[in-house]
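Participant: Enclosed is the structure file run_21.cif (mmCIF, C-alpha atoms and all ligand atoms).
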data_protein
loop_
_atom_site.label_atom_id
_atom_site.label_comp_id
_atom_site.auth_asym_id
_atom_site.auth_seq_id
_atom_site.Cartn_x
_atom_site.Cartn_y
_atom_site.Cartn_z
CA MET A 1 -137.61 -1.51 -23.82
CA ASN A 2 -141.19 -2.28 -24.64
CA GLU A 3 -144.04 0.14 -24.15
CA LEU A 4 -146.64 -2.65 -23.99
CA THR A 5 -145.03 -4.59 -21.17
CA ASP A 6 -143.63 -1.42 -19.64
CA SER A 7 -140.36 -3.20 -18.99
CA PHE A 8 -137.13 -1.28 -19.13
CA PRO A 9 -133.83 -3.15 -18.72
CA LEU A 10 -131.60 -1.93 -15.93
CA LEU A 11 -129.35 0.91 -17.10
CA GLU A 12 -125.68 0.18 -16.62
CA TYR A 13 -124.59 3.81 -16.38
CA PRO A 14 -127.49 6.02 -15.36
CA PRO A 15 -126.51 9.68 -15.04
CA GLN A 16 -126.49 10.85 -11.43
CA HIS A 17 -127.74 14.34 -12.17
CA VAL A 18 -130.06 15.17 -15.08
CA GLY A 19 -130.95 18.74 -16.02
CA ILE A 20 -134.12 19.28 -18.02
CA ILE A 21 -135.02 22.30 -20.11
CA MET A 22 -138.77 21.64 -20.15
CA ASP A 23 -139.52 23.51 -23.37
CA GLY A 24 -142.51 23.35 -25.71
CA ASN A 25 -145.51 23.68 -23.39
CA GLY A 26 -146.90 26.54 -25.48
CA ARG A 27 -146.51 24.73 -28.79
CA TRP A 28 -147.99 21.57 -27.27
CA ALA A 29 -151.02 23.59 -26.15
CA GLU A 30 -151.42 25.14 -29.58
CA ALA A 31 -151.18 21.76 -31.31
CA ASN A 32 -153.78 20.32 -28.94
CA GLY A 33 -156.27 23.22 -28.98
CA LYS A 34 -155.56 24.20 -25.38
CA SER A 35 -154.53 27.37 -23.57
CA ARG A 36 -150.91 28.09 -22.69
CA TYR A 37 -151.89 27.71 -19.04
CA GLN A 38 -153.14 24.18 -19.77
CA GLY A 39 -149.87 23.54 -21.57
CA HIS A 40 -147.88 24.53 -18.50
CA GLN A 41 -150.16 22.42 -16.31
CA ALA A 42 -149.62 19.40 -18.59
CA GLY A 43 -145.88 20.06 -18.45
CA THR A 44 -145.96 20.11 -14.66
CA ASP A 45 -147.90 16.83 -14.53
CA ASN A 46 -145.28 15.36 -16.82
CA LEU A 47 -142.47 16.43 -14.52
CA GLU A 48 -144.16 14.69 -11.60
CA ARG A 49 -144.40 11.53 -13.69
CA LEU A 50 -140.76 11.79 -14.71
CA LEU A 51 -139.73 11.90 -11.05
CA ASP A 52 -141.15 8.37 -10.62
CA ASP A 53 -139.22 7.24 -13.72
CA SER A 54 -136.07 8.86 -12.35
CA ILE A 55 -136.31 6.89 -9.11
CA GLU A 56 -136.91 3.70 -11.11
CA PHE A 57 -133.99 4.36 -13.47
CA GLY A 58 -131.48 5.18 -10.73
CA VAL A 59 -131.15 8.93 -11.29
CA LYS A 60 -130.33 10.74 -8.04
CA MET A 61 -130.86 14.40 -8.90
CA ILE A 62 -133.11 16.28 -11.31
CA THR A 63 -132.79 19.97 -12.06
CA ALA A 64 -135.94 21.19 -13.76
CA TYR A 65 -135.86 24.55 -15.53
CA ALA A 66 -139.31 25.91 -14.76
CA PHE A 67 -138.97 29.70 -15.02
CA SER A 68 -135.99 31.64 -16.33
CA THR A 69 -134.94 35.18 -15.42
CA GLU A 70 -135.82 36.01 -19.04
CA ASN A 71 -139.35 34.58 -18.75
CA TRP A 72 -140.41 37.87 -17.05
CA ARG A 73 -140.63 39.13 -20.64
CA ARG A 74 -143.86 37.14 -21.07
CA SER A 75 -147.38 38.45 -20.51
CA THR A 76 -148.49 39.13 -16.92
CA ILE A 77 -151.22 36.55 -17.27
CA GLU A 78 -148.81 33.81 -18.33
CA ILE A 79 -146.34 34.72 -15.56
CA LYS A 80 -149.13 34.67 -12.95
CA GLY A 81 -150.25 31.29 -14.25
CA LEU A 82 -146.76 29.85 -13.87
CA MET A 83 -146.50 31.17 -10.30
CA LYS A 84 -149.92 29.73 -9.48
CA ILE A 85 -148.96 26.32 -10.82
CA LEU A 86 -145.86 26.18 -8.64
CA GLU A 87 -147.88 27.27 -5.62
CA ARG A 88 -150.49 24.56 -6.28
CA VAL A 89 -147.84 21.88 -6.66
CA ILE A 90 -146.45 22.78 -3.25
CA ASP A 91 -149.93 22.94 -1.71
CA ASN A 92 -151.33 19.78 -3.25
CA ARG A 93 -148.53 17.50 -4.40
CA LEU A 94 -145.64 17.98 -2.01
CA VAL A 95 -146.85 15.57 0.67
CA GLU A 96 -147.11 12.79 -1.90
CA LEU A 97 -143.73 13.69 -3.42
CA SER A 98 -142.21 13.67 0.04
CA ARG A 99 -143.73 10.25 0.73
CA LYS A 100 -141.90 8.99 -2.34
CA GLY A 101 -138.62 10.32 -0.93
CA VAL A 102 -138.27 13.49 -3.00
CA GLN A 103 -136.24 16.33 -1.51
CA LEU A 104 -137.16 19.75 -2.84
CA ARG A 105 -134.52 22.41 -3.46
CA HIS A 106 -134.65 25.72 -5.26
CA LEU A 107 -132.18 27.32 -7.65
CA GLY A 108 -132.54 30.99 -8.45
CA ASP A 109 -133.50 34.33 -6.97
CA LEU A 110 -136.36 34.04 -4.48
CA GLU A 111 -136.37 37.76 -3.68
CA LYS A 112 -138.35 38.77 -6.75
CA LEU A 113 -141.16 36.29 -6.05
CA GLU A 114 -144.26 37.21 -4.06
CA SER A 115 -143.79 36.58 -0.37
CA THR A 116 -146.54 33.91 -0.13
CA LEU A 117 -144.89 31.85 -2.86
CA ARG A 118 -141.44 32.46 -1.42
CA LYS A 119 -142.55 31.23 2.01
CA LYS A 120 -144.19 28.14 0.53
CA ILE A 121 -141.02 27.27 -1.36
CA LEU A 122 -138.94 27.68 1.81
CA GLN A 123 -141.40 25.57 3.82
CA GLY A 124 -141.36 22.91 1.11
CA ILE A 125 -137.56 22.81 1.20
CA GLU A 126 -137.57 22.56 5.00
CA SER A 127 -140.23 19.84 5.18
CA THR A 128 -138.51 17.56 2.65
CA ARG A 129 -134.89 18.09 3.62
CA HIS A 130 -134.46 14.62 5.14
CA ASN A 131 -135.64 12.79 2.01
CA GLU A 132 -132.92 10.96 0.13
CA LYS A 133 -134.40 9.03 -2.75
CA LEU A 134 -134.28 11.85 -5.28
CA ILE A 135 -133.27 15.50 -5.09
CA LEU A 136 -135.43 17.81 -7.17
CA ASN A 137 -133.89 21.21 -7.85
CA VAL A 138 -136.55 23.52 -9.17
CA ALA A 139 -134.88 26.28 -11.18
CA PHE A 140 -137.47 29.02 -10.83
CA ASN A 141 -136.52 32.61 -11.54
CA TYR A 142 -133.17 31.10 -12.43
CA GLY A 143 -130.62 32.48 -14.88
CA GLY A 144 -127.07 31.21 -15.29
CA ARG A 145 -125.55 34.66 -15.83
CA SER A 146 -127.40 36.14 -12.89
CA GLU A 147 -126.20 33.20 -10.78
CA ILE A 148 -122.59 34.04 -11.67
CA VAL A 149 -123.18 37.73 -10.92
CA GLN A 150 -124.59 36.98 -7.45
CA ALA A 151 -121.66 34.62 -6.81
CA VAL A 152 -119.14 37.37 -7.65
CA GLN A 153 -121.01 39.87 -5.48
CA ARG A 154 -120.89 37.52 -2.50
CA VAL A 155 -117.21 36.69 -3.07
CA ILE A 156 -116.47 40.41 -2.90
CA GLN A 157 -118.69 40.90 0.17
CA ASP A 158 -116.76 38.08 1.84
CA LYS A 159 -113.50 39.89 0.99
CA ILE A 160 -111.91 36.82 -0.58
CA PRO A 161 -108.39 37.68 -1.82
CA PRO A 162 -107.91 37.18 -5.61
CA GLU A 163 -105.37 34.35 -5.24
CA GLN A 164 -107.97 32.32 -3.34
CA ILE A 165 -110.51 32.56 -6.14
CA THR A 166 -110.53 29.14 -7.78
CA GLU A 167 -113.09 27.16 -9.76
CA GLU A 168 -113.88 25.14 -6.63
CA LEU A 169 -114.44 28.29 -4.61
CA LEU A 170 -116.74 29.84 -7.21
CA SER A 171 -118.69 26.58 -7.41
CA ARG A 172 -119.41 26.96 -3.72
CA TYR A 173 -120.96 30.36 -4.38
CA MET A 174 -123.35 29.03 -7.03
CA TYR A 175 -126.95 28.07 -6.19
CA THR A 176 -125.84 24.45 -6.71
CA ALA A 177 -123.14 24.58 -3.99
CA GLY A 178 -122.34 21.05 -2.84
CA SER A 179 -124.22 19.35 -5.69
CA PRO A 180 -122.59 17.36 -8.48
CA ASP A 181 -122.52 19.01 -11.92
CA PRO A 182 -125.21 17.80 -14.32
CA ASP A 183 -124.13 14.75 -16.32
CA LEU A 184 -126.88 15.01 -18.88
CA ILE A 185 -129.04 17.91 -20.02
CA ILE A 186 -132.21 17.14 -21.92
CA ARG A 187 -133.89 19.83 -23.98
CA THR A 188 -137.32 19.14 -25.45
CA SER A 189 -139.05 20.83 -28.40
CA GLY A 190 -136.03 20.83 -30.67
CA GLU A 191 -134.16 24.01 -29.80
CA PHE A 192 -130.35 23.71 -29.77
CA ARG A 193 -129.53 26.31 -27.15
CA THR A 194 -128.93 26.54 -23.40
CA SER A 195 -131.23 29.55 -22.75
CA ASN A 196 -129.07 30.49 -19.76
CA PHE A 197 -129.46 27.13 -17.99
CA LEU A 198 -126.65 25.96 -15.68
CA ILE A 199 -124.04 27.63 -17.85
CA TRP A 200 -121.32 27.31 -15.19
CA GLN A 201 -122.18 23.76 -14.13
CA ALA A 202 -122.78 22.26 -17.59
CA ALA A 203 -119.21 22.76 -18.86
CA TYR A 204 -118.89 19.00 -19.44
CA ALA A 205 -122.53 17.90 -19.48
CA GLU A 206 -123.76 15.72 -22.33
CA TYR A 207 -126.72 17.19 -24.22
CA TYR A 208 -129.74 15.36 -25.56
CA VAL A 209 -132.14 17.33 -27.76
CA THR A 210 -135.45 15.93 -28.92
CA PRO A 211 -138.21 17.51 -31.06
CA THR A 212 -140.87 16.17 -28.66
CA TYR A 213 -142.76 18.89 -26.77
CA TRP A 214 -142.20 18.65 -23.03
CA PRO A 215 -145.72 17.42 -22.03
CA ASP A 216 -145.28 14.48 -24.46
CA PHE A 217 -141.80 13.49 -23.28
CA ASN A 218 -142.68 10.05 -21.90
CA LYS A 219 -140.96 7.21 -20.10
CA THR A 220 -139.82 5.47 -23.31
CA GLU A 221 -138.17 8.61 -24.57
CA TYR A 222 -136.60 9.32 -21.20
CA TYR A 223 -135.17 5.80 -21.19
CA ARG A 224 -133.80 6.40 -24.69
CA ALA A 225 -132.08 9.61 -23.53
CA LEU A 226 -130.55 7.84 -20.54
CA SER A 227 -129.37 4.87 -22.63
CA GLU A 228 -127.80 7.19 -25.15
CA PHE A 229 -126.00 8.94 -22.32
CA GLY A 230 -124.59 5.55 -21.27
CA LYS A 231 -122.96 5.21 -24.70
CA ARG A 232 -121.32 8.61 -24.78
CA ASP A 233 -117.56 8.77 -24.42
CA ARG A 234 -116.93 11.49 -21.87
CA ARG A 235 -113.35 12.63 -22.27
CA TYR A 236 -113.24 15.88 -20.28
CA GLY A 237 -110.57 17.16 -22.64
CA GLY A 238 -108.36 14.10 -22.24
CA ARG A 239 -107.30 11.57 -24.88
CA LYS A 240 -109.63 8.98 -26.35
CA GLY A 241 -109.25 5.43 -25.01
C1 LIG B 1 -141.55 26.00 -21.48
O1 LIG B 1 -142.55 26.07 -22.44
C2 LIG B 1 -141.99 26.51 -20.14
C3 LIG B 1 -141.47 27.84 -19.80
C4 LIG B 1 -140.56 28.49 -20.46
C5 LIG B 1 -142.02 28.47 -18.63
P1 LIG B 1 -142.75 27.36 -23.33
O2 LIG B 1 -143.82 28.20 -22.71
O3 LIG B 1 -141.48 28.05 -23.59
O4 LIG B 1 -143.31 26.70 -24.66
P2 LIG B 1 -143.04 27.20 -26.15
O5 LIG B 1 -141.55 27.29 -26.32
O6 LIG B 1 -143.72 28.52 -26.28
O7 LIG B 1 -143.64 26.13 -26.99
C1 LIG B 2 -136.22 27.95 -21.46
O1 LIG B 2 -137.27 27.98 -22.35
C2 LIG B 2 -136.71 28.24 -20.07
C3 LIG B 2 -137.52 27.19 -19.47
C4 LIG B 2 -137.78 26.03 -19.98
C5 LIG B 2 -138.05 27.54 -18.18
P1 LIG B 2 -137.65 29.31 -23.15
O2 LIG B 2 -138.80 28.97 -24.01
O3 LIG B 2 -137.82 30.44 -22.21
O4 LIG B 2 -136.33 29.57 -23.99
P2 LIG B 2 -136.13 30.33 -25.37
O5 LIG B 2 -136.87 31.63 -25.26
O6 LIG B 2 -136.68 29.45 -26.44
O7 LIG B 2 -134.65 30.49 -25.49
MG MG B 3 -140.10 27.94 -25.06
#
Would you mind writing the structure in this file as structure tokens?

Facilitator:
Amino acid sequence: MNELTDSFPLLEYPPQHVGIIMDGNGRWAEANGKSRYQGHQAGTDNLERLLDDSIEFGVKMITAYAFSTENWRRSTIEIKGLMKILERVIDNRLVELSRKGVQLRHLGDLEKLESTLRKKILQGIESTRHNEKLILNVAFNYGGRSEIVQAVQRVIQDKIPPEQITEELLSRYMYTAGSPDPDLIIRTSGEFRTSNFLIWQAAYAEYYVTPTYWPDFNKTEYYRALSEFGKRDRRYGGRKG
């Protein structure tokens, strides 16, 4: 890989599904003399860039953690800013993303979002549903524990008898129903924790943690994460070799 020639050798084993905990927008803003809002905007621009890299590198699905169920603990102004950014992406960037073959999906609880935003998300999902190049799951108002709780509630509503409750069945009640589990989860800004991200689905995901703040996580570093994934020995509890 060479940043000057921008040439990245073909990856032998690219992960199919990459989850990204896009952390560090606030610290990036502070380090660069900008507002937190500008930090989140820079982070969003970086995600759009990473989608191009994902298509180039052969990744088929990205799950981007954009707003957690715990992020409601932040100030009203920051929360409003994050909602606005998502709305603007749908308004201004979705046509271009769709042209590139990106299919938008949403993971999380839409009910607590304002109805204008909720409708835009649903329209965005509908208008891109035939795209096949890359699936982008936006985890927005997403929490892994809350996802499990809603799954259990719906299992009970559906009157499923206990003996029919299997891992496969519960998987079908998660927001990710029908999607492959994440192969690789990247967390930027150096924190070694899941922060409630895909806790059911990531049982056997490989983790890659980097100190880089999310807005600075560039193509070279993404390539490095994907190459490292290719070298991991995934045993799923079995024997080595
Ligand atoms: C991640 O950046 C984006 C969201 C959680 C919405 P942060 O806002 O958490 O950035 P830091 O962790 O304060 O640097
Ligand atoms: C995780 O980052 C959530 C998102 C990236 C959306 P946080 O900044 O909210 O996580 P903590 O607070 O460091 O665990
Ligand atoms: Mg953070």

Participant: Dump the neighbourhood of ligand LIG 1 (chain B) as a VMD selection string: all residues within 8 Å, distances computed on all atoms listed in the file.

Facilitator: chain A and resid 21 to 29 36 39 to 40 43 65 to 68 71 82 189 213 to 214

Participant: Rank A:Thr128, A:Ser98, A:Ser195, A:Thr63 by their smallest atom-to-atom distance to ligand MG 3 (chain B), using all atoms listed in the file, and report the top residue only.

Facilitator: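 Among the listed residues, A:Ser195 lies closest to ligand MG 3 (chain B).
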
Participant: Using only C-alpha atoms and all ligand atoms, which of A:Glu70, A:Phe229, A:Arg235, A:Pro9 sits nearest ligand MG 3 (chain B)?

Facilitator: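 That would be A:Glu70, the residue with the smallest distance to ligand MG 3 (chain B).
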
Participant: Quick one: pull the distance between CA of Lys80 (chain A) and CA of Ser115 (chain A), Å, one decimal.

Facilitator: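 We find that CA of Lys80 (chain A) and CA of Ser115 (chain A) lie 13.8 Å from each other.
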
Participant: Considering all atoms listed in the file, return as number ranges by chain whatever protein or nucleic-acid residues lie within 12 Å of region 167-180 of chain A, sequence-local ones (same chain, fewer than 4 positions apart) excluded.

Facilitator: A: 15-19, 60-63, 105-110, 135-158, 160-163, 184, 198-205

Participant: So the first atom is CA of Leu86 (chain A) and the second is atom O4 of ligand LIG 2 (chain B); what is the distance between them in Å, to one decimal place?

Facilitator: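 Answer for the CA of Leu86 (chain A) to atom O4 of ligand LIG 2 (chain B) separation: 18.4 Å.
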
Participant: Go through A:Lys119, A:Lys112, A:Lys159, A:Arg187 and flag the residue nearest ligand MG 3 (chain B), using only C-alpha atoms and all ligand atoms for the distances.

Facilitator: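 Looking at the shortest contact to ligand MG 3 (chain B), the residue is A:Arg187.
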
Participant: Using CA of Asn196 (chain A) and CA of Glu111 (chain A) as the two end points, give the distance in Å to one decimal.

Facilitator: 19.1 Å

Participant: Would you mind telling me which residue in A:Thr188, A:Thr166, A:Tyr236, A:Pro215 lies nearest to ligand MG 3 (chain B) when using all atoms listed in the file?

Facilitator: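 Looking at the shortest contact to ligand MG 3 (chain B), the residue is A:Thr188.
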
Participant: With all atoms listed in the file as the basis for distance, which of A:Asp45, A:Glu126, A:Glu191, A:Glu228 is at the shortest distance from ligand MG 3 (chain B)?

Facilitator: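 Among A:Asp45, A:Glu126, A:Glu191, A:Glu228, it is A:Glu191 that comes nearest to ligand MG 3 (chain B).
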
Participant: For a quick check of understanding, using all atoms listed in the file, which of A:Arg74, A:Lys120, A:Tyr222, A:Val102 has the smallest distance to ligand MG 3 (chain B)?

Facilitator: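 Among the listed residues, the smallest separation from ligand MG 3 (chain B) belongs to A:Arg74.
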
Participant: Output as a JSON list (two decimals), keeping the file's coordinate frame: region 148-165 of chain A, completed with N, CA and C atoms.

Facilitator:
[["chain", "number", "residue", "atom", "x", "y", "z"],
["A", 148, "ILE", "N", -124.01, 33.71, -11.74],
["A", 148, "ILE", "CA", -122.59, 34.04, -11.67],
["A", 148, "ILE", "C", -122.40, 35.44, -11.07],
["A", 149, "VAL", "N", -123.27, 36.36, -11.46],
["A", 149, "VAL", "CA", -123.18, 37.73, -10.92],
["A", 149, "VAL", "C", -123.36, 37.72, -9.39],
["A", 150, "GLN", "N", -124.39, 37.01, -8.91],
["A", 150, "GLN", "CA", -124.59, 36.98, -7.45],
["A", 150, "GLN", "C", -123.42, 36.29, -6.74],
["A", 151, "ALA", "N", -122.82, 35.30, -7.41],
["A", 151, "ALA", "CA", -121.66, 34.62, -6.81],
["A", 151, "ALA", "C", -120.50, 35.61, -6.64],
["A", 152, "VAL", "N", -120.23, 36.38, -7.71],
["A", 152, "VAL", "CA", -119.14, 37.37, -7.65],
["A", 152, "VAL", "C", -119.43, 38.42, -6.58],
["A", 153, "GLN", "N", -120.67, 38.87, -6.50],
["A", 153, "GLN", "CA", -121.01, 39.87, -5.48],
["A", 153, "GLN", "C", -120.74, 39.34, -4.08],
["A", 154, "ARG", "N", -121.09, 38.08, -3.83],
["A", 154, "ARG", "CA", -120.89, 37.52, -2.50],
["A", 154, "ARG", "C", -119.41, 37.25, -2.21],
["A", 155, "VAL", "N", -118.66, 36.89, -3.24],
["A", 155, "VAL", "CA", -117.21, 36.69, -3.07],
["A", 155, "VAL", "C", -116.58, 38.01, -2.63],
["A", 156, "ILE", "N", -117.02, 39.09, -3.25],
["A", 156, "ILE", "CA", -116.47, 40.41, -2.90],
["A", 156, "ILE", "C", -116.91, 40.82, -1.49],
["A", 157, "GLN", "N", -118.19, 40.60, -1.19],
["A", 157, "GLN", "CA", -118.69, 40.90, 0.17],
["A", 157, "GLN", "C", -117.88, 40.14, 1.22],
["A", 158, "ASP", "N", -117.52, 38.90, 0.90],
["A", 158, "ASP", "CA", -116.76, 38.08, 1.84],
["A", 158, "ASP", "C", -115.26, 38.41, 1.85],
["A", 159, "LYS", "N", -114.90, 39.42, 1.06],
["A", 159, "LYS", "CA", -113.50, 39.89, 0.99],
["A", 159, "LYS", "C", -112.50, 38.77, 0.73],
["A", 160, "ILE", "N", -112.82, 37.92, -0.22],
["A", 160, "ILE", "CA", -111.91, 36.82, -0.58],
["A", 160, "ILE", "C", -110.76, 37.40, -1.41],
["A", 161, "PRO", "N", -109.51, 37.16, -1.02],
["A", 161, "PRO", "CA", -108.39, 37.68, -1.82],
["A", 161, "PRO", "C", -108.31, 36.98, -3.18],
["A", 162, "PRO", "N", -107.90, 37.72, -4.24],
["A", 162, "PRO", "CA", -107.91, 37.18, -5.61],
["A", 162, "PRO", "C", -107.23, 35.83, -5.74],
["A", 163, "GLU", "N", -106.10, 35.63, -5.05],
["A", 163, "GLU", "CA", -105.37, 34.35, -5.24],
["A", 163, "GLU", "C", -106.15, 33.16, -4.68],
["A", 164, "GLN", "N", -107.15, 33.43, -3.87],
["A", 164, "GLN", "CA", -107.97, 32.32, -3.34],
["A", 164, "GLN", "C", -109.17, 32.00, -4.22],
["A", 165, "ILE", "N", -109.35, 32.80, -5.27],
["A", 165, "ILE", "CA", -110.51, 32.56, -6.14],
["A", 165, "ILE", "C", -110.19, 31.46, -7.16]]
